[in-house]
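Reviewing the structure listed below.
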Amino acid sequence: MNPRPNLETAAVQTTISARHGHLSPGTQEKIIEKVEAVRKFFDRVTAISVTVDLEHRDRPILELRVRAEHHDEFVAIDQADTVFAALDGVIEKMENQLRRFKERLKEHRATGHKHLEPPSPPVAS
């Protein structure tokens, strides 16, 4: 039995909301499809939240929040000419945050073994 859940079987709650406007169901589906890609960088993602601010329609602001087990939320915000350009920007920022966090976790675990002193040879009597 595999102790780690597969990406396809693990349930991740994904929510999309819009401020000052409305997103079509087709746009929402494309956003969900794209943000699911961040799961490949960190397998302990539990929730993904996307907020699209359409107050300035010519420069929408997109906020991506990713919640992971045993960690606070990761947050990325970007503003671009289109919703999908902003989405690509926040996904890139989020991937970098998750990659750096994962590297820090690995380094943290590895430092304990590097600093151990080798056992001293037995003293001859």
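Ordered as shown in the structure tokens, chains take letters A, B, and onward, while each chain numbers its residues from 1 and ligands are numbered from 1 in the order shown.
For A:Ser49, the list of residues within 12 Å, based on only C-alpha atoms and with local chain neighbours fewer than 4 positions off taken out, reads Val12, Gln13, Thr14, Thr15, Ile16, Ser17, Ala18, Gln28, Ile31, Ile32, Val35, Glu36, Val38, Val45, Leu62, Glu63, Leu64, Arg65, Val66, Arg67, Ala68, Glu73, Phe74, Val75, Ala76, Ile77 and Val90 of chain A.
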Write a file of the just-selected residues containing N, CA and C atoms, as a compact mmCIF listing (two decimals), in the first residue's frame.
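Saved result, selection14.txt, follows:
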```txt
# COMPACT_ATOMS: atom_id res chain seq x y z
N VAL A 12 -7.96 18.09 -3.44
CA VAL A 12 -7.50 19.46 -3.18
C VAL A 12 -8.68 20.38 -3.47
N GLN A 13 -9.03 21.16 -2.49
CA GLN A 13 -10.14 22.08 -2.66
C GLN A 13 -9.64 23.29 -3.44
N THR A 14 -10.24 23.56 -4.60
CA THR A 14 -9.86 24.69 -5.44
C THR A 14 -11.05 25.63 -5.54
N THR A 15 -10.84 26.89 -5.15
CA THR A 15 -11.91 27.88 -5.23
C THR A 15 -11.46 29.05 -6.10
N ILE A 16 -12.41 29.57 -6.86
CA ILE A 16 -12.14 30.73 -7.71
C ILE A 16 -13.20 31.77 -7.40
N SER A 17 -12.74 33.01 -7.18
CA SER A 17 -13.69 34.09 -6.93
C SER A 17 -13.26 35.31 -7.74
N ALA A 18 -14.23 36.16 -8.04
CA ALA A 18 -13.97 37.37 -8.80
C ALA A 18 -14.49 38.57 -8.03
N GLN A 28 -13.17 29.95 -15.82
CA GLN A 28 -12.92 29.31 -14.53
C GLN A 28 -12.29 27.93 -14.71
N ILE A 31 -8.65 28.31 -15.61
CA ILE A 31 -7.87 28.72 -14.44
C ILE A 31 -7.61 27.52 -13.54
N ILE A 32 -8.65 26.72 -13.29
CA ILE A 32 -8.48 25.52 -12.44
C ILE A 32 -7.45 24.59 -13.06
N VAL A 35 -3.90 26.13 -12.48
CA VAL A 35 -3.39 26.18 -11.11
C VAL A 35 -3.14 24.79 -10.53
N GLU A 36 -3.77 23.77 -11.08
CA GLU A 36 -3.53 22.41 -10.61
C GLU A 36 -2.07 22.02 -10.84
N VAL A 38 0.56 23.54 -9.93
CA VAL A 38 1.43 23.82 -8.80
C VAL A 38 1.54 22.62 -7.87
N VAL A 45 -0.12 19.90 -0.82
CA VAL A 45 -1.06 21.00 -1.03
C VAL A 45 -2.45 20.52 -0.63
N LEU A 62 -4.47 39.30 -10.11
CA LEU A 62 -4.78 37.93 -9.77
C LEU A 62 -3.99 37.53 -8.53
N GLU A 63 -4.67 36.94 -7.56
CA GLU A 63 -4.04 36.49 -6.33
C GLU A 63 -4.22 34.98 -6.22
N LEU A 64 -3.11 34.29 -5.98
CA LEU A 64 -3.12 32.84 -5.83
C LEU A 64 -2.65 32.50 -4.43
N ARG A 65 -3.49 31.76 -3.69
CA ARG A 65 -3.14 31.32 -2.34
C ARG A 65 -3.14 29.80 -2.33
N VAL A 66 -2.05 29.23 -1.83
CA VAL A 66 -1.92 27.78 -1.75
C VAL A 66 -1.68 27.43 -0.29
N ARG A 67 -2.52 26.55 0.22
CA ARG A 67 -2.38 26.08 1.60
C ARG A 67 -1.76 24.69 1.56
N ALA A 68 -0.76 24.49 2.41
CA ALA A 68 -0.08 23.20 2.47
C ALA A 68 -0.07 22.69 3.91
N GLU A 73 -0.03 29.77 4.60
CA GLU A 73 -0.36 29.90 3.18
C GLU A 73 0.79 30.50 2.39
N PHE A 74 0.94 30.04 1.17
CA PHE A 74 1.83 30.67 0.21
C PHE A 74 0.96 31.62 -0.60
N VAL A 75 1.43 32.85 -0.85
CA VAL A 75 0.63 33.84 -1.56
C VAL A 75 1.46 34.45 -2.69
N ALA A 76 0.83 34.54 -3.88
CA ALA A 76 1.47 35.21 -5.02
C ALA A 76 0.43 36.11 -5.66
N ILE A 77 0.85 37.33 -6.03
CA ILE A 77 -0.04 38.31 -6.64
C ILE A 77 0.65 38.86 -7.89
N VAL A 90 1.43 34.62 -11.70
CA VAL A 90 1.30 34.13 -10.32
C VAL A 90 1.70 32.66 -10.21
```
Expected answer as a VMD selection string: helix (DSSP H, G or I) residues in chain A: chain A and resid 25 to 40 83 to 114
Chain A: residues DSSP assigns to strand (DSSP E or B), reported as JSON, numbers by chain: {"A": [13, 14, 15, 16, 17, 18, 19, 45, 46, 47, 48, 49, 50, 51, 52, 53, 61, 62, 63, 64, 65, 66, 67, 68, 74, 75, 76, 77, 78, 79]}
Best match for closeness to A:Asp53 among A:Glu92, A:Asp78, A:Glu33, A:Asp72, counting only C-alpha atoms: A:Asp78
Atomic separation - atom CA of A:Thr51 relative to atom CA of A:Phe101, Å: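 About the pair atom CA of A:Phe101 and atom CA of A:Thr51: they are 22.9 Å apart.
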A:Phe41, A:Val83, A:Glu95, A:Glu107 ranked by distance to A:Ser24, top pick (using only C-alpha atoms):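 Residue with the minimum atom-to-atom distance to A:Ser24: A:Val83.
With distances restricted to only C-alpha atoms, A:Arg59 is the closest residue to A:Ala86 from A:Arg100, A:His22, A:Lys30, A:Arg59.
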Nearest to A:Arg44, chosen from A:Lys93, A:His70, A:Lys106, A:Gly21, with only C-alpha atoms counted in the distances: A:His70
